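Undergrad: This one is final_19.txt, compact mmCIF, C-alpha atoms and all ligand atoms.
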# COMPACT_ATOMS: atom_id res chain seq x y z
CA MET D 1 0.00 0.00 0.00
CA THR D 2 1.19 3.55 -0.69
CA ARG D 3 1.63 5.93 2.21
CA ILE D 4 -0.10 9.24 2.77
CA ASN D 5 1.43 12.62 3.49
CA ASN D 6 1.57 12.06 7.23
CA ASN D 7 1.24 15.78 7.99
CA TYR D 8 -2.46 15.41 7.16
CA THR D 9 -2.92 13.28 10.28
CA GLN D 10 -2.17 16.43 12.31
CA LEU D 11 -5.18 18.30 10.88
CA GLN D 12 -7.91 18.77 13.45
CA GLY D 13 -11.42 17.66 12.43
CA SER D 14 -12.73 19.13 9.19
CA TYR D 15 -12.15 22.57 7.68
CA LEU D 16 -13.68 25.03 10.15
CA PHE D 17 -16.23 26.58 7.80
CA SER D 18 -17.47 23.22 6.46
CA GLU D 19 -17.99 22.11 10.04
CA ILE D 20 -19.93 25.29 10.90
CA ALA D 21 -22.10 24.89 7.76
CA LYS D 22 -22.82 21.26 8.64
CA ARG D 23 -23.84 22.13 12.19
CA ARG D 24 -25.93 25.10 11.03
CA THR D 25 -27.85 22.94 8.53
CA LYS D 26 -28.52 20.33 11.21
CA PHE D 27 -29.65 23.00 13.68
CA MET D 28 -31.96 24.59 11.07
CA GLN D 29 -33.55 21.22 10.31
CA GLU D 30 -34.17 20.61 14.01
CA ASN D 31 -35.27 24.20 14.72
CA PRO D 32 -37.00 25.42 11.54
CA ASN D 33 -38.36 28.57 13.21
CA ALA D 34 -35.13 29.70 14.80
CA GLU D 35 -33.57 32.96 13.62
CA ILE D 36 -29.92 32.21 13.02
CA ILE D 37 -26.98 34.59 13.10
CA SER D 38 -24.34 32.57 11.30
CA LEU D 39 -20.71 33.11 12.22
CA GLY D 40 -19.64 30.72 9.46
CA ILE D 41 -18.21 31.57 6.06
CA GLY D 42 -18.91 35.21 5.23
CA ASP D 43 -20.68 35.12 1.91
CA VAL D 44 -22.07 38.10 0.03
CA THR D 45 -25.81 38.61 -0.17
CA ARG D 46 -26.62 40.65 -3.29
CA GLY D 47 -26.82 39.71 -6.96
CA LEU D 48 -24.24 41.19 -9.31
CA PRO D 49 -24.94 44.83 -10.31
CA ASN D 50 -26.14 45.38 -13.91
CA THR D 51 -22.85 46.95 -15.06
CA ILE D 52 -21.01 43.79 -14.05
CA VAL D 53 -23.58 41.51 -15.65
CA GLN D 54 -23.29 43.48 -18.90
CA ALA D 55 -19.49 43.19 -18.80
CA MET D 56 -19.84 39.44 -18.40
CA HIS D 57 -22.25 39.22 -21.36
CA LYS D 58 -19.79 41.22 -23.43
CA ALA D 59 -17.00 38.84 -22.47
CA VAL D 60 -19.14 35.88 -23.60
CA ASP D 61 -19.61 37.59 -26.99
CA GLU D 62 -15.86 38.18 -27.17
CA LEU D 63 -15.28 34.46 -26.60
CA ALA D 64 -17.95 33.46 -29.13
CA ASN D 65 -16.31 35.44 -31.93
CA PRO D 66 -13.33 33.65 -33.58
CA ALA D 67 -11.69 37.02 -34.20
CA THR D 68 -11.63 37.96 -30.50
CA PHE D 69 -11.62 34.50 -28.92
CA ARG D 70 -8.86 33.78 -26.39
CA GLY D 71 -7.99 30.34 -25.06
CA TYR D 72 -5.25 29.79 -22.49
CA GLY D 73 -4.14 33.16 -21.23
CA PRO D 74 -0.88 34.24 -19.61
CA GLU D 75 -0.60 32.40 -16.28
CA GLN D 76 0.05 35.65 -14.41
CA GLY D 77 -3.17 37.18 -15.73
CA TYR D 78 -4.12 39.36 -18.68
CA ASP D 79 -2.34 42.71 -18.91
CA PHE D 80 -5.62 44.61 -19.26
CA LEU D 81 -6.66 43.51 -15.75
CA ILE D 82 -3.20 43.84 -14.21
CA ASN D 83 -2.90 47.39 -15.58
CA ALA D 84 -6.36 48.28 -14.23
CA ILE D 85 -5.35 46.91 -10.81
CA ILE D 86 -2.11 48.89 -10.77
CA GLU D 87 -3.80 52.13 -11.90
CA ASN D 88 -6.77 51.97 -9.53
CA ASP D 89 -5.55 50.12 -6.45
CA TYR D 90 -1.95 51.25 -6.28
CA LYS D 91 -0.98 54.20 -8.50
CA ALA D 92 -4.06 56.10 -7.33
CA ARG D 93 -2.69 55.77 -3.76
CA GLY D 94 0.86 56.75 -4.69
CA ILE D 95 2.19 53.17 -4.69
CA ASP D 96 4.56 52.04 -7.39
CA ILE D 97 3.81 48.43 -8.41
CA THR D 98 4.98 46.98 -11.73
CA THR D 99 3.09 44.55 -13.98
CA ASN D 100 5.42 41.65 -13.18
CA GLU D 101 4.64 41.99 -9.46
CA VAL D 102 0.89 41.23 -9.81
CA PHE D 103 -0.42 37.66 -10.16
CA VAL D 104 -4.11 37.11 -10.92
CA SER D 105 -5.83 33.97 -9.66
CA ASP D 106 -9.19 32.39 -8.95
CA GLY D 107 -9.24 33.39 -5.29
CA SER D 108 -7.23 34.56 -2.31
CA LYS D 109 -7.97 31.35 -0.49
CA CYS D 110 -5.90 29.43 -3.05
CA ASP D 111 -3.09 32.00 -3.14
CA ILE D 112 -2.89 32.20 0.64
CA GLY D 113 -2.91 28.42 0.83
CA ASN D 114 -0.29 27.96 -1.90
CA ILE D 115 2.14 30.73 -0.96
CA GLN D 116 3.72 28.70 1.85
CA GLU D 117 5.22 26.36 -0.80
CA ILE D 118 7.90 28.90 -1.69
CA PHE D 119 9.21 29.15 1.88
CA SER D 120 11.63 26.92 3.69
CA GLN D 121 10.25 23.79 5.27
CA ASP D 122 11.49 24.82 8.73
CA ALA D 123 10.09 28.37 8.60
CA ILE D 124 8.44 29.37 11.88
CA VAL D 125 4.93 30.67 11.31
CA ALA D 126 3.10 33.26 13.42
CA VAL D 127 -0.66 33.77 13.16
CA GLN D 128 -3.18 35.96 14.87
CA ASP D 129 -5.50 34.14 17.24
CA PRO D 130 -8.39 33.85 16.35
CA VAL D 131 -7.48 33.37 12.73
CA TYR D 132 -8.74 32.60 9.21
CA PRO D 133 -8.13 28.81 9.26
CA VAL D 134 -6.40 28.57 5.86
CA TYR D 135 -3.15 30.06 7.26
CA VAL D 136 -2.82 27.35 9.88
CA ASP D 137 -4.19 24.33 8.02
CA THR D 138 -1.98 24.78 4.95
CA ASN D 139 1.11 24.98 7.15
CA VAL D 140 -0.04 21.87 9.01
CA MET D 141 -0.33 20.06 5.65
CA ALA D 142 3.16 21.27 4.76
CA GLY D 143 4.62 19.91 8.00
CA ARG D 144 5.46 23.17 9.76
CA SER D 145 3.04 22.96 12.67
CA GLY D 146 4.43 20.24 14.95
CA GLN D 147 2.03 18.25 17.12
CA PHE D 148 -1.39 19.51 18.12
CA ASN D 149 -1.65 20.24 21.85
CA LYS D 150 -5.23 19.39 22.83
CA GLU D 151 -5.02 21.14 26.19
CA LYS D 152 -3.90 24.43 24.68
CA ASN D 153 -5.88 23.86 21.48
CA GLN D 154 -2.79 24.97 19.58
CA TYR D 155 -0.01 23.51 17.45
CA GLU D 156 3.35 23.32 19.18
CA ASN D 157 5.47 24.97 16.47
CA ILE D 158 3.04 27.72 15.49
CA VAL D 159 3.35 31.06 17.26
CA TYR D 160 -0.09 32.40 18.18
CA LEU D 161 -0.51 36.16 18.58
CA LYS D 162 -3.42 36.70 20.91
CA CYS D 163 -6.11 39.14 19.72
CA ASP D 164 -8.86 39.55 22.28
CA ALA D 165 -10.52 42.24 24.34
CA SER D 166 -7.51 42.39 26.69
CA ASN D 167 -5.32 43.86 23.90
CA ASN D 168 -8.10 45.56 21.94
CA PHE D 169 -7.90 42.74 19.36
CA THR D 170 -4.49 44.07 18.27
CA PRO D 171 -1.64 41.54 18.43
CA ASN D 172 1.65 42.13 20.21
CA LEU D 173 4.85 41.59 18.27
CA PRO D 174 6.10 37.97 18.52
CA ASP D 175 8.14 37.21 21.63
CA ARG D 176 10.47 34.82 19.74
CA LYS D 177 12.06 34.51 16.32
CA VAL D 178 9.54 33.84 13.54
CA ASP D 179 9.96 33.76 9.76
CA LEU D 180 6.44 34.26 8.42
CA ILE D 181 3.73 36.42 9.95
CA TYR D 182 0.19 36.22 8.63
CA LEU D 183 -1.65 39.50 9.21
CA CYS D 184 -5.24 40.00 8.12
CA TYR D 185 -6.65 43.55 7.97
CA PRO D 186 -9.47 44.40 8.13
CA ASN D 187 -9.52 41.29 10.23
CA ASN D 188 -11.63 38.21 9.82
CA PRO D 189 -13.11 37.33 12.28
CA THR D 190 -12.71 40.33 14.66
CA GLY D 191 -13.37 43.17 12.18
CA MET D 192 -10.42 45.10 13.61
CA THR D 193 -8.25 47.36 11.46
CA LEU D 194 -4.71 48.68 11.98
CA SER D 195 -3.78 52.36 11.80
CA LYS D 196 -0.83 53.48 9.69
CA GLU D 197 1.39 53.76 12.79
CA GLU D 198 0.54 50.22 13.82
CA ILE D 199 1.35 48.81 10.38
CA ILE D 200 4.63 50.77 10.39
CA ARG D 201 5.47 48.97 13.64
CA TRP D 202 4.98 45.59 11.92
CA VAL D 203 6.97 46.56 8.83
CA ASP D 204 9.85 47.86 10.99
CA TYR D 205 9.72 44.65 13.01
CA ALA D 206 9.83 42.47 9.89
CA LYS D 207 12.81 44.42 8.56
CA ALA D 208 14.72 44.28 11.83
CA ASN D 209 14.01 40.57 12.39
CA ASP D 210 14.34 39.28 8.85
CA CYS D 211 10.80 37.98 8.47
CA ILE D 212 8.06 38.24 5.89
CA ILE D 213 4.55 39.54 6.39
CA LEU D 214 1.80 37.75 4.46
CA TYR D 215 -0.78 40.52 4.39
CA ASP D 216 -4.33 39.41 3.67
CA SER D 217 -6.43 42.42 2.74
CA ALA D 218 -9.44 40.57 1.33
CA TYR D 219 -11.68 43.10 3.11
CA GLU D 220 -9.85 46.33 2.19
CA ALA D 221 -12.88 47.71 0.34
CA PHE D 222 -14.65 48.16 3.68
CA ILE D 223 -12.08 50.64 4.98
CA GLN D 224 -13.55 54.13 5.32
CA GLU D 225 -11.13 55.85 7.74
CA LYS D 226 -8.43 58.07 6.25
CA ASP D 227 -5.68 56.92 8.64
CA VAL D 228 -6.22 53.21 7.90
CA PRO D 229 -4.10 52.06 4.95
CA ARG D 230 -5.82 49.99 2.24
CA SER D 231 -2.54 48.40 1.28
CA ILE D 232 0.52 47.52 3.33
CA TYR D 233 2.57 49.11 0.53
CA GLU D 234 1.36 52.51 1.70
CA ILE D 235 4.09 52.03 4.30
CA GLU D 236 7.56 52.94 3.10
CA GLY D 237 9.82 49.92 2.76
CA ALA D 238 6.97 47.39 2.96
CA LYS D 239 7.84 46.08 -0.49
CA GLU D 240 11.01 44.62 1.04
CA VAL D 241 9.09 42.54 3.59
CA ALA D 242 5.48 41.95 2.53
CA ILE D 243 3.34 39.95 0.13
CA GLU D 244 -0.22 41.25 -0.26
CA PHE D 245 -3.36 39.27 -1.09
CA ARG D 246 -6.40 41.00 -2.56
CA SER D 247 -9.73 39.52 -3.58
CA PHE D 248 -12.72 40.61 -5.68
CA SER D 249 -14.96 38.41 -3.51
CA LYS D 250 -15.99 40.97 -0.94
CA THR D 251 -15.15 44.05 -3.03
CA ALA D 252 -17.45 43.10 -5.90
CA GLY D 253 -19.60 40.22 -4.67
CA PHE D 254 -17.46 37.75 -6.64
CA THR D 255 -17.58 34.78 -4.26
CA GLY D 256 -19.24 32.84 -7.09
CA VAL D 257 -17.43 34.51 -10.02
CA ARG D 258 -13.94 34.01 -8.49
CA CYS D 259 -11.10 36.44 -9.04
CA ALA D 260 -8.24 37.64 -6.86
CA TYR D 261 -4.62 38.71 -7.09
CA THR D 262 -1.42 38.58 -5.13
CA VAL D 263 1.37 41.13 -5.19
CA VAL D 264 4.88 39.73 -4.75
CA PRO D 265 7.30 42.69 -4.96
CA ARG D 266 10.63 42.37 -6.74
CA ASP D 267 12.25 43.97 -3.65
CA LEU D 268 11.47 40.90 -1.56
CA LYS D 269 14.68 38.90 -1.36
CA ALA D 270 15.24 35.28 -0.38
CA LYS D 271 18.20 33.00 0.28
CA ASP D 272 18.61 29.42 -0.84
CA ALA D 273 20.34 26.73 1.26
CA ASN D 274 23.73 27.80 -0.13
CA GLY D 275 23.21 31.45 0.75
CA ASN D 276 22.53 32.59 -2.84
CA VAL D 277 20.16 35.54 -3.03
CA LEU D 278 16.97 34.95 -5.04
CA LEU D 279 13.69 36.78 -5.51
CA TYR D 280 10.44 35.41 -4.10
CA ASN D 281 8.80 37.02 -7.12
CA ASP D 282 10.70 34.64 -9.43
CA LEU D 283 9.75 31.65 -7.31
CA TRP D 284 6.07 32.56 -7.21
CA ASN D 285 6.11 33.27 -10.93
CA ARG D 286 7.61 29.81 -11.50
CA ARG D 287 4.97 28.19 -9.33
CA HIS D 288 2.17 30.15 -10.94
CA THR D 289 3.26 29.24 -14.47
CA VAL D 290 3.51 25.54 -13.60
CA GLN D 291 0.37 25.20 -11.53
CA THR D 292 -2.29 27.68 -12.59
CA ASN D 293 -4.57 28.52 -15.45
CA LEU D 294 -7.45 29.31 -13.23
CA HIS D 295 -8.58 32.82 -14.01
CA THR D 296 -10.99 32.71 -16.92
CA MET D 297 -11.47 35.34 -19.62
CA LEU D 298 -14.99 35.88 -18.30
CA CYS D 299 -13.79 36.68 -14.79
CA THR D 300 -10.87 38.74 -16.01
CA ARG D 301 -12.92 41.00 -18.29
CA THR D 302 -15.54 41.38 -15.58
CA SER D 303 -12.91 42.16 -12.96
CA GLN D 304 -11.38 44.75 -15.27
CA THR D 305 -14.78 46.45 -15.37
CA VAL D 306 -14.92 46.41 -11.55
CA LYS D 307 -11.60 48.25 -11.39
CA CYS D 308 -12.56 50.83 -14.01
CA LEU D 309 -16.02 51.84 -12.75
CA SER D 310 -16.80 55.52 -12.56
CA VAL D 311 -19.67 54.89 -10.12
CA PRO D 312 -18.56 52.86 -7.06
CA LEU D 313 -20.04 49.39 -6.80
CA HIS D 314 -21.97 49.97 -3.58
CA LEU D 315 -23.84 52.83 -5.28
CA GLN D 316 -24.57 50.63 -8.30
CA TRP D 317 -26.06 48.00 -6.03
CA ARG D 318 -28.25 50.65 -4.42
CA ARG D 319 -29.36 51.84 -7.88
CA ASP D 320 -30.14 48.30 -9.10
CA CYS D 321 -32.14 47.22 -6.05
C1 LIG H 401 -9.60 36.69 5.57
C2 LIG H 401 -9.96 36.07 4.28
N1 LIG H 401 -9.02 35.95 3.35
C3 LIG H 401 -9.29 35.37 2.16
C4 LIG H 401 -10.55 34.89 1.88
C5 LIG H 401 -10.79 34.18 0.58
O1 LIG H 401 -11.20 34.98 -0.43
P1 LIG H 401 -11.50 34.39 -1.89
O2 LIG H 401 -12.99 34.33 -2.02
O3 LIG H 401 -10.86 35.35 -2.83
O4 LIG H 401 -10.89 33.03 -1.99
C6 LIG H 401 -11.57 35.01 2.81
C7 LIG H 401 -12.91 34.49 2.51
O5 LIG H 401 -13.82 34.49 3.24
C8 LIG H 401 -11.26 35.60 4.05
O6 LIG H 401 -12.19 35.73 5.00
The structure in this file should be written as structure tokens.
Ligand SMILES: Cc1ncc(COP(=O)(O)O)c(C=O)c1O

TA:
Amino acid sequence: MTRINNNYTQLQGSYLFSEIAKRRTKFMQENPNAEIISLGIGDVTRGLPNTIVQAMHKAVDELANPATFRGYGPEQGYDFLINAIIENDYKARGIDITTNEVFVSDGSKCDIGNIQEIFSQDAIVAVQDPVYPVYVDTNVMAGRSGQFNKEKNQYENIVYLKCDASNNFTPNLPDRKVDLIYLCYPNNPTGMTLSKEEIIRWVDYAKANDCIILYDSAYEAFIQEKDVPRSIYEIEGAKEVAIEFRSFSKTAGFTGVRCAYTVVPRDLKAKDANGNVLLYNDLWNRRHTVQTNLHTMLCTRTSQTVKCLSVPLHLQWRRDC
């Protein structure tokens, strides 16, 4: 008999959100009149606005016409979307990102799950606690977690950064050497954001301690305050220490359409086992070209429209409903 990847035996139960959905369904069947506030997976609740639907129809026509049809696209994503992302999400905020630093995909969940592949097997991982489960589970699968401690409800080799009412849901800097720090802002599940000064503290820490921040900003579109950065790259020097994940899921109601992107700056340096300096950007590009073809023309054209709207999406929803 063949043997399994033994790291999988360290996973606890099922994926958190599947477990919550299963229990919710069971509870609803047993209590059909109960009003439920679900703390499970945060899905969107509106249909797509008309502008987006029209863009999708147009993309179908483009695919139907032999003259404009496109099959396999560039693995990193089509330039027309990457340019729209750079113009609207970064250049508009004074951030200089180049086309070869943006990688389009079918979702942040996949990118966040896959990114750990480009890091060393013995990298020490720090996560906020509570945390979006993908950060932990993918590192368990990769063998970085150590044993699960049932008493503490934590993995032995993962560094947990407490976020509760006692510290205003804002984590302290790690108290020991770590290599990878997953930060999620605005945070799922606490809803907390970090001010510019607080993010500067993390960037300075990462620089001083030679670690990388994996910055999940899936919920950046909800930020209203002026002093809360939308992107970690609003902080000077962050391109040397941070990878950023962005998703269209919550921004544009794309949980069913699927589109996201990850920024891996060319300033982010790595070392191989012999001490040679490499770029994480090259590694991620290599991985992306080998293992993805997931963003479709339909999603890409539609996402381009999202980025180029003159009327913000939330106002379009209001107009359509
Ligand atoms: C914190 C966080 N990051 C990433 C994702 C995944 O986003 P996507 O739909 O792009 O896979 C979610 C989805 O709920 C999330 O809550």

Undergrad: Residues contacting ligand LIG 401 (chain H) - anything with an atom at most 6 Å away, using only C-alpha atoms and all ligand atoms - can you give me those as a ChimeraX atom specification?

TA: /D:41-42,107-109,132,188,216,218,247,249,255,260

Undergrad: With C-alpha atoms retained, export the selected residues as a PDB file, in the coordinates of the input.

TA:
ATOM      1  CA  ILE D  41     -18.210  31.570   6.060  1.00  0.00           C
ATOM      2  CA  GLY D  42     -18.910  35.210   5.230  1.00  0.00           C
ATOM      3  CA  GLY D 107      -9.240  33.390  -5.290  1.00  0.00           C
ATOM      4  CA  SER D 108      -7.230  34.560  -2.310  1.00  0.00           C
ATOM      5  CA  LYS D 109      -7.970  31.350  -0.490  1.00  0.00           C
ATOM      6  CA  TYR D 132      -8.740  32.600   9.210  1.00  0.00           C
ATOM      7  CA  ASN D 188     -11.630  38.210   9.820  1.00  0.00           C
ATOM      8  CA  ASP D 216      -4.330  39.410   3.670  1.00  0.00           C
ATOM      9  CA  ALA D 218      -9.440  40.570   1.330  1.00  0.00           C
ATOM     10  CA  SER D 247      -9.730  39.520  -3.580  1.00  0.00           C
ATOM     11  CA  SER D 249     -14.960  38.410  -3.510  1.00  0.00           C
ATOM     12  CA  THR D 255     -17.580  34.780  -4.260  1.00  0.00           C
ATOM     13  CA  ALA D 260      -8.240  37.640  -6.860  1.00  0.00           C
TER      14      ALA D 260
END

Undergrad: In terms of the shortest atom-to-atom distance over all atoms listed in the file, which of D:Arg24, D:Gly237, D:Asn281, D:Ile52 is closest to Gly40 (chain D)?

TA: D:Arg24

Undergrad: One decimal, Å: what's the distance from CA of Gly113 (chain D) over to CA of Val134 (chain D), could you say?

TA: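 Value for the CA of Gly113 (chain D)-CA of Val134 (chain D) distance: 6.1 Å.
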
Undergrad: Excluding Tyr72 (chain D) and any residue of its chain fewer than 2 positions from it, enumerate the residues within 10 Å of it, using all atoms listed in the file, and give them as a VMD selection string.

TA: chain D and resid 70 74 to 75 293 to 297

Undergrad: Identify, on the basis of all atoms listed in the file, every residue whose closest approach to Ser303 (chain D) does not exceed 9 Å; exclude the query and any residue fewer than 6 positions from it along the same chain; express the result as a list of chain:residue names.

TA: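 The neighbour list is D:Ile52, D:Ala55, D:Leu81, D:Phe248, D:Ala252, D:Phe254, D:Cys259, D:Ala260.
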
Undergrad: Take region 33-86 of chain D from the preceding structure and save C-alpha atoms as a CSV table (one decimal), in the first residue's frame.

TA:
chain,number,residue,atom,x,y,z
D,33,ASN,CA,-38.4,28.6,13.2
D,34,ALA,CA,-35.1,29.7,14.8
D,35,GLU,CA,-33.6,33.0,13.6
D,36,ILE,CA,-29.9,32.2,13.0
D,37,ILE,CA,-27.0,34.6,13.1
D,38,SER,CA,-24.3,32.6,11.3
D,39,LEU,CA,-20.7,33.1,12.2
D,40,GLY,CA,-19.6,30.7,9.5
D,41,ILE,CA,-18.2,31.6,6.1
D,42,GLY,CA,-18.9,35.2,5.2
D,43,ASP,CA,-20.7,35.1,1.9
D,44,VAL,CA,-22.1,38.1,0.0
D,45,THR,CA,-25.8,38.6,-0.2
D,46,ARG,CA,-26.6,40.7,-3.3
D,47,GLY,CA,-26.8,39.7,-7.0
D,48,LEU,CA,-24.2,41.2,-9.3
D,49,PRO,CA,-24.9,44.8,-10.3
D,50,ASN,CA,-26.1,45.4,-13.9
D,51,THR,CA,-22.8,46.9,-15.1
D,52,ILE,CA,-21.0,43.8,-14.1
D,53,VAL,CA,-23.6,41.5,-15.6
D,54,GLN,CA,-23.3,43.5,-18.9
D,55,ALA,CA,-19.5,43.2,-18.8
D,56,MET,CA,-19.8,39.4,-18.4
D,57,HIS,CA,-22.3,39.2,-21.4
D,58,LYS,CA,-19.8,41.2,-23.4
D,59,ALA,CA,-17.0,38.8,-22.5
D,60,VAL,CA,-19.1,35.9,-23.6
D,61,ASP,CA,-19.6,37.6,-27.0
D,62,GLU,CA,-15.9,38.2,-27.2
D,63,LEU,CA,-15.3,34.5,-26.6
D,64,ALA,CA,-17.9,33.5,-29.1
D,65,ASN,CA,-16.3,35.4,-31.9
D,66,PRO,CA,-13.3,33.6,-33.6
D,67,ALA,CA,-11.7,37.0,-34.2
D,68,THR,CA,-11.6,38.0,-30.5
D,69,PHE,CA,-11.6,34.5,-28.9
D,70,ARG,CA,-8.9,33.8,-26.4
D,71,GLY,CA,-8.0,30.3,-25.1
D,72,TYR,CA,-5.3,29.8,-22.5
D,73,GLY,CA,-4.1,33.2,-21.2
D,74,PRO,CA,-0.9,34.2,-19.6
D,75,GLU,CA,-0.6,32.4,-16.3
D,76,GLN,CA,0.1,35.6,-14.4
D,77,GLY,CA,-3.2,37.2,-15.7
D,78,TYR,CA,-4.1,39.4,-18.7
D,79,ASP,CA,-2.3,42.7,-18.9
D,80,PHE,CA,-5.6,44.6,-19.3
D,81,LEU,CA,-6.7,43.5,-15.7
D,82,ILE,CA,-3.2,43.8,-14.2
D,83,ASN,CA,-2.9,47.4,-15.6
D,84,ALA,CA,-6.4,48.3,-14.2
D,85,ILE,CA,-5.4,46.9,-10.8
D,86,ILE,CA,-2.1,48.9,-10.8
